[in-house]
Amino acid sequence: MAKYSTPLDQTFAALVDPTRRAILARLEHDGDATISQLAQPFAIKLPAVMKHLDVLGQAGLIERVKVGRTVTVRLSPAPMQEAMDWLRRYEHFWTHSLDRLAAYAESRENAQRSPKP
Amino acid sequence: MTSLTLVRRINAQPATVFEALTTPEGIAHWWGPDDGPVLLAETDVRVGGRFRVRFRMLDGSEHESSGEYLRVEPPHHLEMSWRWSDDTAGPDSRVIVALRAAGTGTELTFTHDRLRDDATARSHEAGWGGALDKLVRRYAPEARAGA
């Protein structure tokens with residue numbers, strides 16, 4: 001059913017860091033951006049930003065597109081969807097189980113309440 | 001993200017619901033994501049005791065989960081650790097069930113948490129913040145896991 005998978009662990013690991021989340025938020029809010037645009041709001045040097053982008057790239061959360069000498073970064077939604085699917089499997093499991101639990105408990109109670117003829 | 005909460009109103013007393021939650025006979029009637037059968041249910045309902053449930057889904061696949069009872073206070077509280085039996089990586093997650101008498105029935109609050117490792121959970125508590133929420137809304141708007 002719901003198993004750990006390496007790509008999924010990478011997604012969650014990539015999301016743990018606040019700078020990387022801020023980068024994703026920026027991309028989500030403002031759309032595609034160049035690396036220097038992304039680095040601007042942070043008090044860290046370009047190589048550090050590149051490192052964060054590498055982690056996000058390995059997790060498949062961003063794509064880098066090179067046009068001429070400019071690298072543009074854009075969001076890639078697939079891993080986020082996988083993370084959601086993983087949670088949704090649990091949600092599906094328990095939603096169905098609890099519905100049946102409720103029906104079963106109610107039938108038991110009815111059987112106890114109504115006197116046998 | 002790392003927890004799931006569901007609430008149910010059940011037209012049965014907490015003691016009846018607690019029994020359905022914990023007895024093998026009860027579990028056989030409801031456990032599983034579809035109407036496939038429960039193949040095995042074992043429970044040792046005391047703190048430190050274990051449960052094991054195996055079920056088959058309608059697609060023919062079989063799955064087993066097991067764990068340890070962490071809190072057993074009939075008819076209001078039940079807490080247990082949880083893992084898929086073939087999932088040996090990572091820590092256990094946790095299932096918490098609270099049963100509150102409501103009129104002639106029960107309000108059941110179900111929580112499955114610690115669904116990711118501690119580091120992720122800590123970062124979650126610190127707030128995955130608007131970034132993740134926005135991403136989730138944008139790419140999975142129908143997902144409403146987590147209360």
# chains A, B, ... in the order shown; residues from 1 in each chain; ligands from 1
$ closest_atom_pairs --of "chain A" --to "chain B" --cutoff "6 Å" --atoms "only C-alpha atoms" --output "CSV"
residue,atom,partner,partner_atom,distance
A:Val16,CA,B:Ser123,CA,5.8
A:Arg21,CA,B:Ala131,CA,5.9
A:Ala25,CA,B:Ala131,CA,4.3
A:Phe93,CA,B:Pro33,CA,4.0
A:His96,CA,B:Pro33,CA,5.3
A:Ser97,CA,B:Trp31,CA,5.1
A:Arg100,CA,B:Trp30,CA,4.8
A:Leu101,CA,B:Trp30,CA,5.0
A:Ala102,CA,B:Ile10,CA,5.5
A:Ala105,CA,B:Val17,CA,5.5
A:Glu106,CA,B:Ala12,CA,5.2
A:Glu109,CA,B:Ala12,CA,5.7
$ write_last_selection --atoms "all heavy atoms" --output "compact mmCIF listing (two decimals), in the first residue's frame"
# COMPACT_ATOMS: atom_id res chain seq x y z
N VAL A 16 12.29 20.24 3.63
CA VAL A 16 12.58 20.52 5.03
C VAL A 16 13.25 21.89 5.20
O VAL A 16 13.02 22.60 6.16
CB VAL A 16 13.49 19.40 5.62
CG1 VAL A 16 14.14 19.85 6.92
CG2 VAL A 16 12.66 18.15 5.85
N ARG A 21 12.15 26.12 0.61
CA ARG A 21 10.70 26.39 0.55
C ARG A 21 10.43 27.81 0.04
O ARG A 21 9.49 28.04 -0.71
CB ARG A 21 10.06 26.18 1.93
CG ARG A 21 10.01 24.73 2.38
CD ARG A 21 8.93 24.53 3.44
NE ARG A 21 9.12 25.39 4.61
CZ ARG A 21 9.89 25.07 5.66
NH1 ARG A 21 10.53 23.92 5.68
NH2 ARG A 21 9.99 25.89 6.67
N ALA A 25 8.25 28.96 -3.07
CA ALA A 25 7.16 29.92 -2.91
C ALA A 25 7.30 31.07 -3.92
O ALA A 25 6.33 31.50 -4.54
CB ALA A 25 7.16 30.47 -1.49
N PHE A 93 -7.83 4.77 2.75
CA PHE A 93 -7.86 3.58 3.62
C PHE A 93 -8.75 3.84 4.84
O PHE A 93 -9.65 3.07 5.15
CB PHE A 93 -6.44 3.22 4.07
CG PHE A 93 -6.38 2.03 5.00
CD1 PHE A 93 -6.21 0.76 4.49
CD2 PHE A 93 -6.50 2.19 6.38
CE1 PHE A 93 -6.16 -0.35 5.33
CE2 PHE A 93 -6.45 1.09 7.23
CZ PHE A 93 -6.29 -0.18 6.71
N HIS A 96 -12.71 4.78 4.21
CA HIS A 96 -13.53 3.60 3.95
C HIS A 96 -13.66 2.73 5.20
O HIS A 96 -14.75 2.27 5.55
CB HIS A 96 -12.93 2.80 2.80
CG HIS A 96 -13.81 1.69 2.32
ND1 HIS A 96 -14.81 1.88 1.40
CD2 HIS A 96 -13.89 0.39 2.68
CE1 HIS A 96 -15.44 0.75 1.19
NE2 HIS A 96 -14.90 -0.18 1.96
N SER A 97 -12.54 2.53 5.90
CA SER A 97 -12.57 1.69 7.11
C SER A 97 -13.51 2.27 8.16
O SER A 97 -14.31 1.55 8.78
CB SER A 97 -11.16 1.55 7.69
OG SER A 97 -10.34 0.80 6.82
N ARG A 100 -17.18 1.86 7.41
CA ARG A 100 -17.65 0.51 7.69
C ARG A 100 -17.70 0.23 9.20
O ARG A 100 -18.58 -0.48 9.68
CB ARG A 100 -16.76 -0.52 6.98
CG ARG A 100 -16.93 -0.48 5.46
CD ARG A 100 -16.69 -1.82 4.82
NE ARG A 100 -15.31 -2.29 5.06
CZ ARG A 100 -14.85 -3.43 4.60
NH1 ARG A 100 -15.62 -4.24 3.89
NH2 ARG A 100 -13.61 -3.79 4.84
N LEU A 101 -16.72 0.78 9.92
CA LEU A 101 -16.73 0.65 11.39
C LEU A 101 -18.02 1.23 11.95
O LEU A 101 -18.68 0.61 12.80
CB LEU A 101 -15.53 1.38 11.99
CG LEU A 101 -15.55 1.53 13.52
CD1 LEU A 101 -15.25 0.20 14.19
CD2 LEU A 101 -14.56 2.59 13.98
N ALA A 102 -18.40 2.42 11.48
CA ALA A 102 -19.61 3.08 11.96
C ALA A 102 -20.84 2.21 11.67
O ALA A 102 -21.68 1.98 12.54
CB ALA A 102 -19.75 4.46 11.31
N ALA A 105 -20.78 -0.89 14.00
CA ALA A 105 -21.11 -0.57 15.40
C ALA A 105 -22.60 -0.28 15.54
O ALA A 105 -23.24 -0.68 16.52
CB ALA A 105 -20.26 0.63 15.88
N GLU A 106 -23.15 0.42 14.55
CA GLU A 106 -24.58 0.75 14.61
C GLU A 106 -25.45 -0.50 14.49
O GLU A 106 -26.47 -0.64 15.18
CB GLU A 106 -24.93 1.78 13.53
CG GLU A 106 -24.42 3.17 13.90
CD GLU A 106 -24.55 4.20 12.79
OE1 GLU A 106 -25.11 3.87 11.72
OE2 GLU A 106 -24.09 5.33 13.01
N GLU A 109 -25.32 -2.29 17.83
CA GLU A 109 -26.11 -1.59 18.84
C GLU A 109 -27.60 -1.83 18.61
O GLU A 109 -28.35 -2.08 19.55
CB GLU A 109 -25.81 -0.09 18.77
CG GLU A 109 -26.47 0.69 19.87
CD GLU A 109 -25.46 1.21 20.89
OE1 GLU A 109 -24.40 0.56 21.07
OE2 GLU A 109 -25.72 2.25 21.48
$ residues_around --residues "Arg71 in chain B" --least-positions-apart "6" --cutoff "6 Å" --atoms "only C-alpha atoms" --output "list in words"
Val47, Leu78 and Glu79 of chain B
$ select_by_dssp --residues "chain A" --states "strand (DSSP E or B)" --output "VMD selection string"
chain A and resid 33 to 34 62 to 67 70 to 75
$ closest_residue --among "A:Met50, A:Gly60, A:Val55, A:Thr34" --to "Leu75 in chain A" --atoms "only C-alpha atoms"
A:Gly60
$ select_by_dssp --residues "range 1-99 of chain A" --states "alpha helix (DSSP H)" --output "ChimeraX atom specification"
/A:6-16,18-30,35-39,46-58,78-99
$ atom_distance --atom1 "CA of Phe42 in chain A" --atom2 "CA of Thr72 in chain A"
17.7 Å
$ residues_around --residues "Arg74 in chain A" --least-positions-apart "3" --cutoff "9 Å" --atoms "only C-alpha atoms" --output "ChimeraX atom specification"
/A:24,27-28,31-34,61-65
$ atom_distance --atom1 "CA of Pro37 in chain B" --atom2 "CA of Glu91 in chain A"
19.2 Å
$ closest_residue --among "B:Gly49, B:Leu99, B:Phe55, B:Leu40" --to "Pro75 in chain B" --atoms "only C-alpha atoms"
B:Leu99
$ residues_around --residues "Arg20 in chain A" --least-positions-apart "2" --cutoff "10 Å" --atoms "only C-alpha atoms" --output "list of chain:residue names"
A:Ala14, A:Leu15, A:Val16, A:Asp17, A:Pro18, A:Ala22, A:Ile23, A:Leu24, A:Ala25, A:Arg26, A:Val49, A:Lys51, A:His52, A:Leu53, A:Val55, A:Leu56, B:Ala131
$ write_last_selection --atoms "all heavy atoms" --output "short mmCIF file (atom, residue, chain, number, x, y, z; two decimals), in the first residue's frame"
data_model
loop_
_atom_site.label_atom_id
_atom_site.label_comp_id
_atom_site.auth_asym_id
_atom_site.auth_seq_id
_atom_site.Cartn_x
_atom_site.Cartn_y
_atom_site.Cartn_z
N ALA A 14 13.80 17.58 0.56
CA ALA A 14 14.04 18.86 -0.10
C ALA A 14 13.19 19.97 0.51
O ALA A 14 13.60 21.12 0.59
CB ALA A 14 13.74 18.74 -1.60
N LEU A 15 12.02 19.60 1.01
CA LEU A 15 11.08 20.59 1.53
C LEU A 15 11.37 20.98 2.97
O LEU A 15 10.78 21.92 3.50
CB LEU A 15 9.65 20.05 1.43
CG LEU A 15 9.08 19.94 0.01
CD1 LEU A 15 7.81 19.12 0.00
CD2 LEU A 15 8.84 21.32 -0.58
N VAL A 16 12.29 20.24 3.63
CA VAL A 16 12.58 20.52 5.03
C VAL A 16 13.25 21.89 5.20
O VAL A 16 13.02 22.60 6.16
CB VAL A 16 13.49 19.40 5.62
CG1 VAL A 16 14.14 19.85 6.92
CG2 VAL A 16 12.66 18.15 5.85
N ASP A 17 14.05 22.29 4.22
CA ASP A 17 14.86 23.50 4.36
C ASP A 17 14.06 24.78 4.06
O ASP A 17 13.41 24.87 3.01
CB ASP A 17 16.05 23.42 3.41
CG ASP A 17 16.97 24.61 3.57
OD1 ASP A 17 17.88 24.53 4.42
OD2 ASP A 17 16.75 25.62 2.86
N PRO A 18 14.11 25.78 4.96
CA PRO A 18 13.30 26.99 4.76
C PRO A 18 13.69 27.80 3.53
O PRO A 18 12.83 28.39 2.87
CB PRO A 18 13.52 27.81 6.04
CG PRO A 18 14.69 27.19 6.72
CD PRO A 18 14.79 25.77 6.27
N ALA A 22 11.29 28.74 0.49
CA ALA A 22 11.12 30.13 0.04
C ALA A 22 11.33 30.23 -1.46
O ALA A 22 10.64 30.99 -2.15
CB ALA A 22 12.09 31.04 0.80
N ILE A 23 12.31 29.48 -1.98
CA ILE A 23 12.55 29.48 -3.43
C ILE A 23 11.32 28.96 -4.17
O ILE A 23 10.86 29.54 -5.16
CB ILE A 23 13.80 28.63 -3.77
CG1 ILE A 23 15.07 29.34 -3.28
CG2 ILE A 23 13.89 28.36 -5.28
CD1 ILE A 23 16.34 28.50 -3.40
N LEU A 24 10.75 27.88 -3.66
CA LEU A 24 9.55 27.31 -4.29
C LEU A 24 8.38 28.29 -4.23
O LEU A 24 7.63 28.45 -5.20
CB LEU A 24 9.15 25.99 -3.61
CG LEU A 24 10.11 24.81 -3.80
CD1 LEU A 24 9.66 23.64 -2.95
CD2 LEU A 24 10.21 24.40 -5.26
N ALA A 25 8.25 28.96 -3.07
CA ALA A 25 7.16 29.92 -2.91
C ALA A 25 7.30 31.07 -3.92
O ALA A 25 6.33 31.50 -4.54
CB ALA A 25 7.16 30.47 -1.49
N ARG A 26 8.55 31.52 -4.07
CA ARG A 26 8.82 32.59 -5.02
C ARG A 26 8.44 32.17 -6.44
O ARG A 26 7.79 32.91 -7.18
CB ARG A 26 10.31 32.94 -4.92
CG ARG A 26 10.88 33.77 -6.04
CD ARG A 26 10.72 35.26 -5.77
NE ARG A 26 10.96 36.02 -6.99
CZ ARG A 26 12.10 36.59 -7.30
NH1 ARG A 26 13.13 36.51 -6.48
NH2 ARG A 26 12.24 37.26 -8.43
N VAL A 49 22.97 29.24 -3.28
CA VAL A 49 21.66 29.13 -3.96
C VAL A 49 21.70 27.99 -4.97
O VAL A 49 20.76 27.19 -5.08
CB VAL A 49 21.30 30.46 -4.66
CG1 VAL A 49 20.05 30.29 -5.52
CG2 VAL A 49 21.08 31.56 -3.62
N LYS A 51 23.42 25.35 -4.80
CA LYS A 51 23.35 24.08 -4.07
C LYS A 51 21.89 23.73 -3.74
O LYS A 51 21.46 22.59 -3.89
CB LYS A 51 24.17 24.17 -2.78
CG LYS A 51 25.32 23.17 -2.75
CD LYS A 51 26.13 23.29 -1.47
CE LYS A 51 27.61 23.24 -1.79
NZ LYS A 51 28.44 23.49 -0.62
N HIS A 52 21.16 24.73 -3.27
CA HIS A 52 19.74 24.50 -2.97
C HIS A 52 18.99 24.10 -4.24
O HIS A 52 18.13 23.21 -4.22
CB HIS A 52 19.11 25.77 -2.38
CG HIS A 52 19.48 26.00 -0.94
ND1 HIS A 52 19.31 25.04 0.03
CD2 HIS A 52 19.99 27.09 -0.32
CE1 HIS A 52 19.72 25.53 1.20
NE2 HIS A 52 20.13 26.77 1.01
N LEU A 53 19.33 24.75 -5.34
CA LEU A 53 18.65 24.43 -6.60
C LEU A 53 18.98 22.99 -7.04
O LEU A 53 18.13 22.30 -7.61
CB LEU A 53 19.04 25.43 -7.70
CG LEU A 53 18.52 26.86 -7.50
CD1 LEU A 53 19.02 27.78 -8.61
CD2 LEU A 53 16.99 26.89 -7.43
N VAL A 55 19.51 20.47 -4.99
CA VAL A 55 18.68 19.58 -4.19
C VAL A 55 17.24 19.55 -4.72
O VAL A 55 16.64 18.49 -4.88
CB VAL A 55 18.68 20.01 -2.70
CG1 VAL A 55 17.72 19.14 -1.88
CG2 VAL A 55 20.09 19.92 -2.13
N LEU A 56 16.72 20.74 -5.02
CA LEU A 56 15.35 20.82 -5.56
C LEU A 56 15.26 20.14 -6.92
O LEU A 56 14.26 19.48 -7.23
CB LEU A 56 14.93 22.29 -5.68
CG LEU A 56 14.69 23.03 -4.36
CD1 LEU A 56 14.51 24.53 -4.61
CD2 LEU A 56 13.47 22.47 -3.63
N ALA B 131 4.49 28.44 1.48
CA ALA B 131 5.04 27.87 0.25
C ALA B 131 4.38 26.55 -0.07
O ALA B 131 3.81 26.35 -1.15
CB ALA B 131 6.54 27.67 0.40
#
$ residues_around --residues "Gly48 in chain B" --least-positions-apart "4" --cutoff "10 Å" --atoms "only C-alpha atoms" --output "ChimeraX atom specification"
/B:44,67-72,80
$ closest_residue --among "B:Thr23, B:Ser81, B:Arg114, B:Pro74" --to "Arg100 in chain B" --atoms "only C-alpha atoms"
B:Pro74
$ closest_residue --among "B:Thr43, B:Trp82, B:Val38, B:Glu73" --to "Arg94 in chain B" --atoms "only C-alpha atoms"
B:Trp82
$ closest_residue --among "A:Asp30, A:Asn110, A:Arg88, A:Ile35" --to "Asp54 in chain A" --atoms "only C-alpha atoms"
A:Ile35
